[in-house]
>>> print(open('query-v7.cif').read())   # mmCIF, C-alpha atoms (C1' of nucleotides)
data_query
loop_
_atom_site.label_atom_id
_atom_site.label_comp_id
_atom_site.auth_asym_id
_atom_site.auth_seq_id
_atom_site.Cartn_x
_atom_site.Cartn_y
_atom_site.Cartn_z
CA MET A 1 35.26 3.99 10.89
CA ARG A 2 33.31 4.43 14.13
CA TYR A 3 30.42 6.85 14.29
CA HIS A 4 28.18 8.42 16.90
CA ARG A 5 24.49 9.39 16.71
CA THR A 6 25.38 12.98 15.82
CA ASP A 7 27.58 11.94 12.86
CA ILE A 8 24.76 9.88 11.43
CA VAL A 9 22.19 12.66 11.89
CA GLU A 10 24.53 15.15 10.25
CA ARG A 11 25.02 12.90 7.24
CA ALA A 12 21.27 12.24 7.06
CA VAL A 13 20.56 15.98 6.92
CA GLY A 14 22.96 16.15 3.96
CA VAL A 15 21.22 13.27 2.18
CA LEU A 16 17.84 14.91 2.84
CA ASP A 17 18.92 18.22 1.36
CA GLN A 18 20.62 16.67 -1.67
CA TYR A 19 18.22 13.84 -2.59
CA GLY A 20 14.94 14.64 -0.82
CA LEU A 21 12.83 12.79 1.74
CA ALA A 22 11.80 10.02 -0.67
CA ASP A 23 15.46 9.02 -1.12
CA LEU A 24 16.37 9.38 2.54
CA SER A 25 16.67 5.64 3.10
CA MET A 26 18.56 3.73 5.75
CA ARG A 27 20.53 2.01 3.01
CA ARG A 28 21.54 5.30 1.38
CA ILE A 29 22.59 6.92 4.65
CA ALA A 30 24.60 3.81 5.49
CA SER A 31 26.33 3.68 2.13
CA GLU A 32 27.20 7.40 2.31
CA LEU A 33 28.93 6.65 5.61
CA GLY A 34 30.59 3.50 4.27
CA LEU A 35 28.55 1.31 6.60
CA GLN A 36 26.26 -1.66 6.31
CA PRO A 37 22.57 -0.71 6.75
CA SER A 38 22.36 -2.88 9.84
CA ALA A 39 25.01 -0.76 11.56
CA LEU A 40 22.54 2.12 11.85
CA TYR A 41 20.37 0.01 14.14
CA HIS A 42 23.07 0.14 16.73
CA HIS A 43 22.40 3.90 17.05
CA PHE A 44 18.67 4.13 16.30
CA GLY A 45 15.88 1.69 17.03
CA SER A 46 14.10 2.38 13.76
CA LYS A 47 14.03 4.66 10.75
CA GLN A 48 11.27 6.69 12.44
CA GLU A 49 13.57 7.36 15.38
CA LEU A 50 16.36 8.50 13.08
CA LEU A 51 13.94 10.77 11.18
CA ALA A 52 12.81 12.31 14.46
CA ALA A 53 16.44 13.12 15.29
CA VAL A 54 16.91 14.64 11.81
CA ALA A 55 13.79 16.79 12.25
CA ASP A 56 15.03 17.95 15.66
CA GLU A 57 18.38 18.87 14.12
CA VAL A 58 16.70 20.88 11.33
CA LEU A 59 14.64 22.80 13.90
CA GLU A 60 17.59 23.34 16.19
CA ARG A 61 19.70 24.81 13.38
CA GLY A 62 16.92 27.30 12.65
CA ALA A 63 16.22 28.20 16.28
CA ARG A 64 16.40 31.82 17.34
CA PRO A 65 16.17 33.19 20.90
CA ASP A 66 12.62 33.91 22.04
CA ALA A 67 11.75 37.44 23.18
CA PRO A 68 9.27 36.90 26.03
CA ASP A 69 8.73 40.60 26.77
CA THR A 70 7.30 41.53 23.38
CA ALA A 71 3.58 41.53 22.46
CA TRP A 72 2.03 38.05 22.23
CA ASP A 73 1.02 38.41 18.56
CA ASP A 74 4.48 39.58 17.54
CA ARG A 75 5.85 36.53 19.30
CA VAL A 76 3.50 34.22 17.41
CA VAL A 77 4.54 35.83 14.11
CA ALA A 78 8.23 35.54 15.04
CA LEU A 79 7.88 31.89 16.08
CA SER A 80 5.96 31.05 12.89
CA ARG A 81 8.54 32.73 10.66
CA GLU A 82 11.37 31.04 12.52
CA LEU A 83 9.69 27.68 11.97
CA ARG A 84 9.08 28.44 8.29
CA ASP A 85 12.68 29.52 7.72
CA ALA A 86 14.05 26.48 9.53
CA MET A 87 12.00 24.11 7.35
CA LEU A 88 12.70 26.02 4.12
CA ALA A 89 16.45 25.72 4.75
CA TYR A 90 16.47 22.03 3.78
CA ARG A 91 14.80 20.18 0.94
CA ASP A 92 11.48 18.62 2.06
CA GLY A 93 12.06 20.11 5.50
CA ALA A 94 8.37 20.89 6.03
CA GLU A 95 7.18 17.41 5.08
CA LEU A 96 9.79 15.84 7.36
CA VAL A 97 8.98 18.00 10.38
CA ALA A 98 5.22 17.65 9.83
CA THR A 99 5.48 13.85 9.58
CA VAL A 100 7.60 13.55 12.71
CA HIS A 101 5.23 15.90 14.57
CA ALA A 102 2.17 13.93 13.43
CA PHE A 103 3.64 10.74 14.88
CA GLY A 104 4.31 12.48 18.17
CA LEU A 105 8.04 11.82 17.96
CA GLY A 106 10.82 14.36 18.25
CA VAL A 107 11.96 16.23 21.31
CA ARG A 108 11.30 19.76 20.03
CA SER A 109 7.60 20.41 19.82
CA PRO A 110 6.97 23.61 17.83
CA ALA A 111 3.45 23.71 19.33
CA ALA A 112 4.56 24.39 22.91
CA PRO A 113 6.14 27.86 22.47
CA LEU A 114 3.20 28.96 20.28
CA ALA A 115 0.70 27.84 22.90
CA SER A 116 2.54 29.56 25.74
CA ALA A 117 2.77 32.79 23.75
CA ILE A 118 -1.01 32.73 23.31
CA GLU A 119 -1.56 31.82 26.95
CA ALA A 120 0.57 34.82 27.88
CA ALA A 121 -2.10 36.98 26.24
CA GLY A 122 -4.57 35.80 28.86
CA PHE A 123 -6.38 33.04 27.00
CA ASP A 124 -7.07 29.81 28.83
CA GLU A 125 -4.93 26.75 28.23
CA ALA A 126 -7.44 24.77 26.16
CA PHE A 127 -8.09 27.68 23.82
CA ALA A 128 -4.38 28.42 23.51
CA ARG A 129 -3.69 24.82 22.57
CA THR A 130 -6.33 24.80 19.85
CA ALA A 131 -5.22 28.18 18.52
CA ALA A 132 -1.58 27.04 18.48
CA MET A 133 -2.52 23.90 16.55
CA THR A 134 -4.41 26.04 14.03
CA VAL A 135 -1.33 28.18 13.48
CA LEU A 136 0.87 25.10 13.27
CA HIS A 137 -1.35 23.33 10.71
CA PHE A 138 -1.27 26.47 8.61
CA VAL A 139 2.52 26.78 8.80
CA PHE A 140 3.12 23.09 7.96
CA GLY A 141 0.64 23.16 5.08
CA HIS A 142 1.82 26.43 3.61
CA VAL A 143 5.52 25.62 3.73
CA SER A 144 4.91 22.10 2.36
CA ASP A 145 3.12 23.68 -0.59
CA GLU A 146 5.94 26.17 -1.08
CA GLN A 147 8.52 23.42 -1.16
CA THR A 148 6.67 21.09 -3.53
CA HIS A 149 6.02 23.95 -5.95
CA ARG A 150 9.56 25.25 -5.65
CA GLN A 151 10.70 21.70 -6.44
CA ALA A 152 8.41 21.55 -9.50
CA ASN A 153 9.73 24.91 -10.73
CA THR A 154 13.38 23.95 -10.27
CA ALA A 155 12.76 20.79 -12.25
CA GLY A 156 11.17 22.82 -15.07
CA ALA A 157 12.69 25.67 -17.04
CA ILE A 158 11.91 29.11 -15.58
CA ASP A 159 10.98 30.34 -12.13
CA ALA A 160 8.99 33.55 -12.08
CA ASP A 161 9.52 34.19 -8.37
CA PRO A 162 12.74 32.45 -7.32
CA LEU A 163 13.00 34.17 -3.96
CA GLY A 164 9.45 33.23 -3.05
CA ARG A 165 8.30 36.77 -2.37
CA ALA A 166 4.72 35.90 -3.31
CA ASP A 167 4.92 32.92 -0.93
CA THR A 168 6.11 35.13 1.91
CA ALA A 169 3.27 37.59 1.31
CA SER A 170 0.58 34.88 1.32
CA PHE A 171 2.22 33.27 4.37
CA ASP A 172 1.98 36.54 6.27
CA LEU A 173 -1.57 37.11 5.07
CA GLY A 174 -2.81 33.65 6.04
CA LEU A 175 -1.10 33.93 9.41
CA SER A 176 -2.67 37.36 10.01
CA LEU A 177 -6.13 35.89 9.41
CA ILE A 178 -5.66 33.39 12.21
CA LEU A 179 -4.18 36.05 14.51
CA GLU A 180 -7.13 38.33 13.83
CA GLY A 181 -9.43 35.45 14.71
CA ILE A 182 -7.60 34.90 17.99
CA ARG A 183 -7.71 38.61 18.81
CA HIS A 184 -11.45 38.73 18.32
CA ARG A 185 -11.84 35.39 20.11
CA ALA A 186 -14.31 34.19 17.49
CA ALA A 187 -17.89 33.24 18.28
CA PRO A 188 -18.29 29.46 17.88
CA VAL A 189 -19.69 28.40 14.51
CA ARG A 190 -23.40 27.78 14.58
CA THR A 191 -24.76 24.43 13.53
CA ALA A 192 -27.25 25.00 10.74
CA ARG A 193 -30.69 23.64 11.56
CA HIS A 194 -33.71 23.50 9.30
CA MET B 1 -10.96 -11.94 -14.88
CA ARG B 2 -11.09 -8.60 -16.73
CA TYR B 3 -11.27 -5.35 -14.82
CA HIS B 4 -11.89 -1.68 -15.51
CA ARG B 5 -10.43 1.41 -13.86
CA THR B 6 -13.42 1.71 -11.55
CA ASP B 7 -13.11 -1.88 -10.28
CA ILE B 8 -9.48 -1.27 -9.37
CA VAL B 9 -10.24 2.03 -7.63
CA GLU B 10 -13.05 0.40 -5.66
CA ARG B 11 -10.76 -2.40 -4.49
CA ALA B 12 -8.03 0.11 -3.65
CA VAL B 13 -10.45 2.05 -1.43
CA GLY B 14 -11.15 -1.20 0.39
CA VAL B 15 -7.46 -1.94 0.87
CA LEU B 16 -6.90 1.63 2.12
CA ASP B 17 -9.65 1.37 4.69
CA GLN B 18 -8.60 -2.07 5.90
CA TYR B 19 -4.79 -1.85 5.90
CA GLY B 20 -3.98 1.88 5.75
CA LEU B 21 -2.05 4.06 3.32
CA ALA B 22 1.34 2.51 4.14
CA ASP B 23 0.08 -0.90 3.00
CA LEU B 24 -1.75 0.41 -0.07
CA SER B 25 0.78 -1.03 -2.49
CA MET B 26 0.39 -1.87 -6.16
CA ARG B 27 1.30 -5.47 -5.34
CA ARG B 28 -1.32 -5.76 -2.62
CA ILE B 29 -4.09 -4.24 -4.75
CA ALA B 30 -3.11 -6.58 -7.58
CA SER B 31 -3.09 -9.67 -5.38
CA GLU B 32 -6.49 -8.75 -3.88
CA LEU B 33 -7.83 -8.70 -7.44
CA GLY B 34 -6.02 -11.91 -8.40
CA LEU B 35 -3.81 -10.04 -10.85
CA GLN B 36 -0.11 -9.62 -11.47
CA PRO B 37 1.18 -6.19 -10.33
CA SER B 38 2.10 -5.33 -13.90
CA ALA B 39 -1.54 -5.63 -14.97
CA LEU B 40 -2.38 -2.43 -13.04
CA TYR B 41 -0.13 -0.46 -15.37
CA HIS B 42 -2.53 -1.12 -18.18
CA HIS B 43 -5.10 1.00 -16.34
CA PHE B 44 -2.91 3.57 -14.57
CA GLY B 45 0.36 5.11 -15.64
CA SER B 46 1.79 5.06 -12.13
CA LYS B 47 0.93 4.51 -8.50
CA GLN B 48 0.52 8.28 -8.08
CA GLU B 49 -2.14 8.28 -10.77
CA LEU B 50 -3.99 5.44 -9.08
CA LEU B 51 -3.78 7.21 -5.71
CA ALA B 52 -5.23 10.37 -7.28
CA ALA B 53 -8.19 8.34 -8.54
CA VAL B 54 -8.65 6.82 -5.07
CA ALA B 55 -8.60 10.28 -3.46
CA ASP B 56 -11.16 11.53 -5.98
CA GLU B 57 -13.37 8.55 -5.19
CA VAL B 58 -13.17 9.20 -1.44
CA LEU B 59 -14.14 12.85 -1.97
CA GLU B 60 -16.91 11.97 -4.38
CA ARG B 61 -18.47 9.52 -1.92
CA GLY B 62 -18.58 12.25 0.72
CA ALA B 63 -19.87 14.97 -1.61
CA ARG B 64 -23.03 16.83 -0.67
CA PRO B 65 -24.92 19.36 -2.80
CA ASP B 66 -23.74 22.95 -2.37
CA ALA B 67 -26.27 25.58 -1.26
CA PRO B 68 -25.21 28.72 -3.16
CA ASP B 69 -27.86 31.04 -1.72
CA THR B 70 -26.83 30.70 1.91
CA ALA B 71 -24.42 33.08 3.68
CA TRP B 72 -20.79 32.77 2.56
CA ASP B 73 -19.46 31.81 5.99
CA ASP B 74 -22.08 29.10 6.45
CA ARG B 75 -21.01 27.73 3.08
CA VAL B 76 -17.35 27.67 4.10
CA VAL B 77 -18.29 25.84 7.30
CA ALA B 78 -20.46 23.37 5.37
CA LEU B 79 -17.75 22.72 2.77
CA SER B 80 -15.11 22.23 5.47
CA ARG B 81 -17.26 19.80 7.42
CA GLU B 82 -18.13 17.90 4.25
CA LEU B 83 -14.44 17.58 3.46
CA ARG B 84 -13.65 16.48 7.02
CA ASP B 85 -16.40 13.86 7.04
CA ALA B 86 -15.39 12.53 3.62
CA MET B 87 -11.78 12.04 4.76
CA LEU B 88 -12.74 10.62 8.18
CA ALA B 89 -14.87 7.96 6.46
CA TYR B 90 -11.79 5.97 5.37
CA ARG B 91 -8.62 5.08 7.21
CA ASP B 92 -5.80 7.56 6.42
CA GLY B 93 -8.25 9.47 4.21
CA ALA B 94 -6.83 12.85 5.20
CA GLU B 95 -3.22 11.90 4.53
CA LEU B 96 -4.18 10.45 1.15
CA VAL B 97 -6.21 13.47 0.02
CA ALA B 98 -3.59 15.93 1.33
CA THR B 99 -0.77 14.10 -0.47
CA VAL B 100 -2.66 13.97 -3.76
CA HIS B 101 -3.59 17.64 -3.41
CA ALA B 102 0.01 18.63 -2.66
CA PHE B 103 1.19 16.98 -5.87
CA GLY B 104 -1.46 18.84 -7.85
CA LEU B 105 -3.05 15.61 -9.03
CA GLY B 106 -6.69 14.63 -8.76
CA VAL B 107 -9.66 16.05 -10.62
CA ARG B 108 -11.57 17.30 -7.59
CA SER B 109 -9.87 20.29 -6.04
CA PRO B 110 -11.38 21.03 -2.61
CA ALA B 111 -9.85 24.52 -2.80
CA ALA B 112 -12.03 25.77 -5.67
CA PRO B 113 -15.46 25.71 -3.99
CA LEU B 114 -13.98 27.27 -0.84
CA ALA B 115 -12.41 30.08 -2.84
CA SER B 116 -15.59 30.80 -4.78
CA ALA B 117 -17.64 30.89 -1.57
CA ILE B 118 -15.27 33.52 -0.20
CA GLU B 119 -15.28 35.44 -3.48
CA ALA B 120 -19.06 35.47 -3.30
CA ALA B 121 -18.71 37.56 -0.14
CA GLY B 122 -17.10 40.29 -2.21
CA PHE B 123 -13.42 39.62 -1.59
CA ASP B 124 -11.07 39.78 -4.54
CA GLU B 125 -9.79 36.62 -6.16
CA ALA B 126 -6.23 36.73 -4.81
CA PHE B 127 -7.41 37.18 -1.23
CA ALA B 128 -10.06 34.48 -1.63
CA ARG B 129 -7.44 32.03 -2.88
CA THR B 130 -5.13 32.69 0.06
CA ALA B 131 -8.00 32.50 2.55
CA ALA B 132 -9.23 29.24 0.99
CA MET B 133 -5.73 27.73 1.23
CA THR B 134 -5.58 28.76 4.87
CA VAL B 135 -8.85 26.96 5.55
CA LEU B 136 -7.69 23.95 3.56
CA HIS B 137 -4.35 23.64 5.36
CA PHE B 138 -6.20 23.75 8.65
CA VAL B 139 -8.70 21.07 7.58
CA PHE B 140 -6.00 18.73 6.23
CA GLY B 141 -3.81 19.19 9.28
CA HIS B 142 -6.57 18.82 11.82
CA VAL B 143 -8.13 15.73 10.28
CA SER B 144 -4.72 14.11 9.77
CA ASP B 145 -4.07 14.60 13.47
CA GLU B 146 -7.47 13.18 14.36
CA GLN B 147 -6.85 10.08 12.31
CA THR B 148 -3.34 9.37 13.56
CA HIS B 149 -4.46 9.76 17.18
CA ARG B 150 -7.60 7.73 16.59
CA GLN B 151 -5.33 5.05 15.11
CA ALA B 152 -3.04 5.19 18.14
CA ASN B 153 -6.03 4.89 20.48
CA THR B 154 -7.54 1.94 18.60
CA ALA B 155 -4.20 0.16 18.81
CA GLY B 156 -4.07 0.76 22.57
CA ALA B 157 -6.54 -0.28 25.20
CA ILE B 158 -9.09 2.42 26.01
CA ASP B 159 -10.52 5.31 24.05
CA ALA B 160 -11.86 8.12 26.20
CA ASP B 161 -13.68 9.89 23.36
CA PRO B 162 -14.57 7.27 20.75
CA LEU B 163 -16.94 9.51 18.78
CA GLY B 164 -14.36 12.29 18.59
CA ARG B 165 -16.60 14.92 20.14
CA ALA B 166 -13.58 16.81 21.48
CA ASP B 167 -12.07 16.69 17.97
CA THR B 168 -15.24 18.12 16.44
CA ALA B 169 -15.30 20.94 18.98
CA SER B 170 -11.67 21.93 18.35
CA PHE B 171 -12.25 21.60 14.58
CA ASP B 172 -15.13 24.05 14.77
CA LEU B 173 -13.16 26.38 17.02
CA GLY B 174 -10.08 26.44 14.80
CA LEU B 175 -12.24 26.98 11.74
CA SER B 176 -14.10 29.82 13.43
CA LEU B 177 -10.80 31.59 14.13
CA ILE B 178 -9.96 31.68 10.44
CA LEU B 179 -13.50 32.76 9.52
CA GLU B 180 -13.35 35.59 12.05
CA GLY B 181 -10.07 36.68 10.50
CA ILE B 182 -11.66 36.74 7.05
CA ARG B 183 -14.71 38.66 8.33
CA HIS B 184 -12.58 41.39 9.89
CA ARG B 185 -10.67 41.91 6.67
CA ALA B 186 -11.58 45.39 5.44
CA ALA B 187 -12.85 46.47 2.02
CA PRO B 188 -15.04 43.84 0.51
CA VAL B 189 -15.88 45.28 -2.89
CA ARG B 190 -19.48 44.16 -2.91
CA THR B 191 -21.56 43.87 0.24
CA ALA B 192 -22.95 40.44 0.90
CA ARG B 193 -26.72 40.18 1.17
CA HIS B 194 -28.35 38.49 4.16
"C1'" DA C 1 -7.55 -4.58 -24.98
"C1'" DC C 2 -6.03 -6.86 -21.08
"C1'" DC C 3 -3.02 -9.75 -18.73
"C1'" DT C 4 1.21 -13.10 -17.42
"C1'" DG C 5 5.95 -14.03 -16.10
"C1'" DA C 6 10.18 -12.65 -15.26
"C1'" DA C 7 13.33 -9.41 -14.24
"C1'" DC C 8 15.67 -4.94 -12.29
"C1'" DA C 9 16.84 -2.02 -8.79
"C1'" DC C 10 15.47 -0.99 -4.76
"C1'" DC C 11 13.27 -0.99 0.54
"C1'" DG C 12 13.28 -1.69 6.42
"C1'" DT C 13 14.59 -4.86 9.69
"C1'" DT C 14 16.70 -8.96 12.17
"C1'" DC C 15 20.40 -11.64 13.80
"C1'" DA C 16 24.41 -14.47 14.40
"C1'" DA C 17 29.02 -13.52 14.20
"C1'" DG C 18 33.22 -10.82 14.33
"C1'" DT C 19 36.60 -7.04 16.73
"C1'" DA D 1 30.52 -0.84 21.95
"C1'" DC D 2 30.28 -0.93 17.14
"C1'" DC D 3 30.06 -3.17 12.93
"C1'" DT D 4 29.79 -7.09 9.02
"C1'" DG D 5 27.38 -10.41 6.13
"C1'" DA D 6 23.62 -12.67 5.00
"C1'" DA D 7 19.02 -13.26 4.92
"C1'" DC D 8 13.70 -12.26 4.97
"C1'" DA D 9 9.82 -10.23 3.26
"C1'" DC D 10 8.73 -6.73 0.87
"C1'" DC D 11 8.55 -2.37 -2.83
"C1'" DG D 12 7.42 0.33 -7.98
"C1'" DT D 13 8.19 -0.26 -12.64
"C1'" DT D 14 9.42 -2.25 -17.31
"C1'" DC D 15 8.83 -5.30 -21.03
"C1'" DA D 16 8.49 -9.17 -24.09
"C1'" DA D 17 5.12 -12.41 -24.71
"C1'" DG D 18 0.59 -14.46 -24.60
"C1'" DT D 19 -4.96 -14.35 -25.61
#
>>> encode(input="query-v7.cif", output="structure tokens")
Amino acid sequence: MRYHRTDIVERAVGVLDQYGLADLSMRRIASELGLQPSALYHHFGSKQELLAAVADEVLERGARPDAPDTAWDDRVVALSRELRDAMLAYRDGAELVATVHAFGLGVRSPAAPLASAIEAAGFDEAFARTAAMTVLHFVFGHVSDEQTHRQANTAGAIDADPLGRADTASFDLGLSLILEGIRHRAAPVRTARH
Amino acid sequence: MRYHRTDIVERAVGVLDQYGLADLSMRRIASELGLQPSALYHHFGSKQELLAAVADEVLERGARPDAPDTAWDDRVVALSRELRDAMLAYRDGAELVATVHAFGLGVRSPAAPLASAIEAAGFDEAFARTAAMTVLHFVFGHVSDEQTHRQANTAGAIDADPLGRADTASFDLGLSLILEGIRHRAAPVRTARH
DNA sequence: ACCTGAACACCGTTCAAGT
DNA sequence: ACCTGAACACCGTTCAAGT
């Protein structure tokens, strides 16, 4: 059987969702496709490169059209929720996307649309970049926590909040704190001196 | 040679700092101590357990005394900077501590002192927990970014900002956004003194 | 109590060779 | 262009056996 990049990425997304990031190995992807592990290196230079393509695919499947003529803070909320939903849709999605983002790989940068939404509010580029990174770190961290705890609950017996309503509430609350900080364009923290 | 838990943790911290988290393997720690890999399992039930002990050690070495009678927001800033400095002191410190924290392992929880500082301002426990997690996600994410980029720069040729002054500025700015969001939250039950 | 030695079931990656 | 087969240098973990 002859495969293309997209076939391999598609299969890798399946392996991710079924077995988790820890078991998303080159050897397992290859064997699921009926290939030798070495065959994958004809399509991707390294495992990192394949993971970046998988992360891009996860984000692309969760992408929704941006609404540039709505208020900047509504756009930030919409972009953050879109990102959260995209990562929640696949097992270990948050950890995968965060890892790929940390290494600077991947075509889709979730930071760019956040930053431009904040810039559209009239903030300068440097501030918008820092604010966008703050939002992004929050989203990655929160959703990673959600997924590891959801995993722990599924492994155990009962799940008090299977739909994650409490998670959604604390996600919105944490996000609103950062937005409020941006709105009030916080005074820089003082360095304590004695 | 006969070792105790503490000897192994100490050596593991050294391996972490010298080779990074990816090369912090049971086999490498063992060989650095002149032991068989299996010997480590007499002291630790698993690699995860050993990593938790290493993360605790890193945090403990960076611990500074808390100042409970200062303003709540100054305490949050001080705790966040302490955490940042502790993780920056060892290669991949942030990724290690964040991973251990995500799995709910480790004795030292950096979230607890943050939450109690926020509670001391009069906010209820549930809000304080969410606000503390928001701060924590930001700190983990920001410092992880700092360390991966610092790593990339050290591998390359030049480093424009070797002391990370730009990183410190954006750390303080991001942190101040979250603090401003907490401040503008209505209805603290008690009013903070000072 | 603490460690050795050997084994089991895995990894990512390279490379000559096949079609 | 796409893949096989074999190899290299690794992993975490278990377990009987030694002192």
>>> interface_residues(input="query-v7.cif", of="chain C", to="chain A", cutoff="9 Å", atoms="all atoms listed in the file", output="list in words")
DC11, DG12, DT13 and DT14 of chain C
>>> resolve_selection(input="query-v7.cif", expression="the PyMOL selection byres ((chain B) within 10 of (chain A))", output="PyMOL selection string")
chain B and resi 73-74+77-78+98+101-104+126-127+129-142+144-149+152+169-185
>>> write_last_selection(input="query-v7.cif", atoms="C-alpha atoms", output="PDB file, in the coordinates of the input")
ATOM      1  CA  ASP B  73     -19.460  31.810   5.990  1.00  0.00           C
ATOM      2  CA  ASP B  74     -22.080  29.100   6.450  1.00  0.00           C
ATOM      3  CA  VAL B  77     -18.290  25.840   7.300  1.00  0.00           C
ATOM      4  CA  ALA B  78     -20.460  23.370   5.370  1.00  0.00           C
ATOM      5  CA  ALA B  98      -3.590  15.930   1.330  1.00  0.00           C
ATOM      6  CA  HIS B 101      -3.590  17.640  -3.410  1.00  0.00           C
ATOM      7  CA  ALA B 102       0.010  18.630  -2.660  1.00  0.00           C
ATOM      8  CA  PHE B 103       1.190  16.980  -5.870  1.00  0.00           C
ATOM      9  CA  GLY B 104      -1.460  18.840  -7.850  1.00  0.00           C
ATOM     10  CA  ALA B 126      -6.230  36.730  -4.810  1.00  0.00           C
ATOM     11  CA  PHE B 127      -7.410  37.180  -1.230  1.00  0.00           C
ATOM     12  CA  ARG B 129      -7.440  32.030  -2.880  1.00  0.00           C
ATOM     13  CA  THR B 130      -5.130  32.690   0.060  1.00  0.00           C
ATOM     14  CA  ALA B 131      -8.000  32.500   2.550  1.00  0.00           C
ATOM     15  CA  ALA B 132      -9.230  29.240   0.990  1.00  0.00           C
ATOM     16  CA  MET B 133      -5.730  27.730   1.230  1.00  0.00           C
ATOM     17  CA  THR B 134      -5.580  28.760   4.870  1.00  0.00           C
ATOM     18  CA  VAL B 135      -8.850  26.960   5.550  1.00  0.00           C
ATOM     19  CA  LEU B 136      -7.690  23.950   3.560  1.00  0.00           C
ATOM     20  CA  HIS B 137      -4.350  23.640   5.360  1.00  0.00           C
ATOM     21  CA  PHE B 138      -6.200  23.750   8.650  1.00  0.00           C
ATOM     22  CA  VAL B 139      -8.700  21.070   7.580  1.00  0.00           C
ATOM     23  CA  PHE B 140      -6.000  18.730   6.230  1.00  0.00           C
ATOM     24  CA  GLY B 141      -3.810  19.190   9.280  1.00  0.00           C
ATOM     25  CA  HIS B 142      -6.570  18.820  11.820  1.00  0.00           C
ATOM     26  CA  SER B 144      -4.720  14.110   9.770  1.00  0.00           C
ATOM     27  CA  ASP B 145      -4.070  14.600  13.470  1.00  0.00           C
ATOM     28  CA  GLU B 146      -7.470  13.180  14.360  1.00  0.00           C
ATOM     29  CA  GLN B 147      -6.850  10.080  12.310  1.00  0.00           C
ATOM     30  CA  THR B 148      -3.340   9.370  13.560  1.00  0.00           C
ATOM     31  CA  HIS B 149      -4.460   9.760  17.180  1.00  0.00           C
ATOM     32  CA  ALA B 152      -3.040   5.190  18.140  1.00  0.00           C
ATOM     33  CA  ALA B 169     -15.300  20.940  18.980  1.00  0.00           C
ATOM     34  CA  SER B 170     -11.670  21.930  18.350  1.00  0.00           C
ATOM     35  CA  PHE B 171     -12.250  21.600  14.580  1.00  0.00           C
ATOM     36  CA  ASP B 172     -15.130  24.050  14.770  1.00  0.00           C
ATOM     37  CA  LEU B 173     -13.160  26.380  17.020  1.00  0.00           C
ATOM     38  CA  GLY B 174     -10.080  26.440  14.800  1.00  0.00           C
ATOM     39  CA  LEU B 175     -12.240  26.980  11.740  1.00  0.00           C
ATOM     40  CA  SER B 176     -14.100  29.820  13.430  1.00  0.00           C
ATOM     41  CA  LEU B 177     -10.800  31.590  14.130  1.00  0.00           C
ATOM     42  CA  ILE B 178      -9.960  31.680  10.440  1.00  0.00           C
ATOM     43  CA  LEU B 179     -13.500  32.760   9.520  1.00  0.00           C
ATOM     44  CA  GLU B 180     -13.350  35.590  12.050  1.00  0.00           C
ATOM     45  CA  GLY B 181     -10.070  36.680  10.500  1.00  0.00           C
ATOM     46  CA  ILE B 182     -11.660  36.740   7.050  1.00  0.00           C
ATOM     47  CA  ARG B 183     -14.710  38.660   8.330  1.00  0.00           C
ATOM     48  CA  HIS B 184     -12.580  41.390   9.890  1.00  0.00           C
ATOM     49  CA  ARG B 185     -10.670  41.910   6.670  1.00  0.00           C
TER      50      ARG B 185
END
>>> atom_distance(input="query-v7.cif", atom1="CA of Ala121 in chain A", atom2="CA of Ser80 in chain A")
16.7 Å
>>> resolve_selection(input="query-v7.cif", expression="the PyMOL selection byres ((chain C and resi 16) around 10)", output="VMD selection string")
(chain C and resid 14 to 15 17 to 18) or (chain D and resid 5 to 6)
>>> atom_distance(input="query-v7.cif", atom1="CA of Ala55 in chain A", atom2="CA of Leu105 in chain A")
9.5 Å
>>> calpha_fit_rmsd(input="query-v7.cif", fixed="chain A", moving="chain B")
5.8 Å
>>> atom_distance(input="query-v7.cif", atom1="CA of Asp69 in chain B", atom2="CA of Ile118 in chain B")
12.9 Å
>>> residues_around(input="query-v7.cif", residues="Val54 in chain A", least_positions_apart="2", cutoff="9 Å", atoms="only C-alpha atoms (C1' of nucleotides)", output="ChimeraX atom specification")
/A:9-10,12-13,49-52,56-59,96-97,106
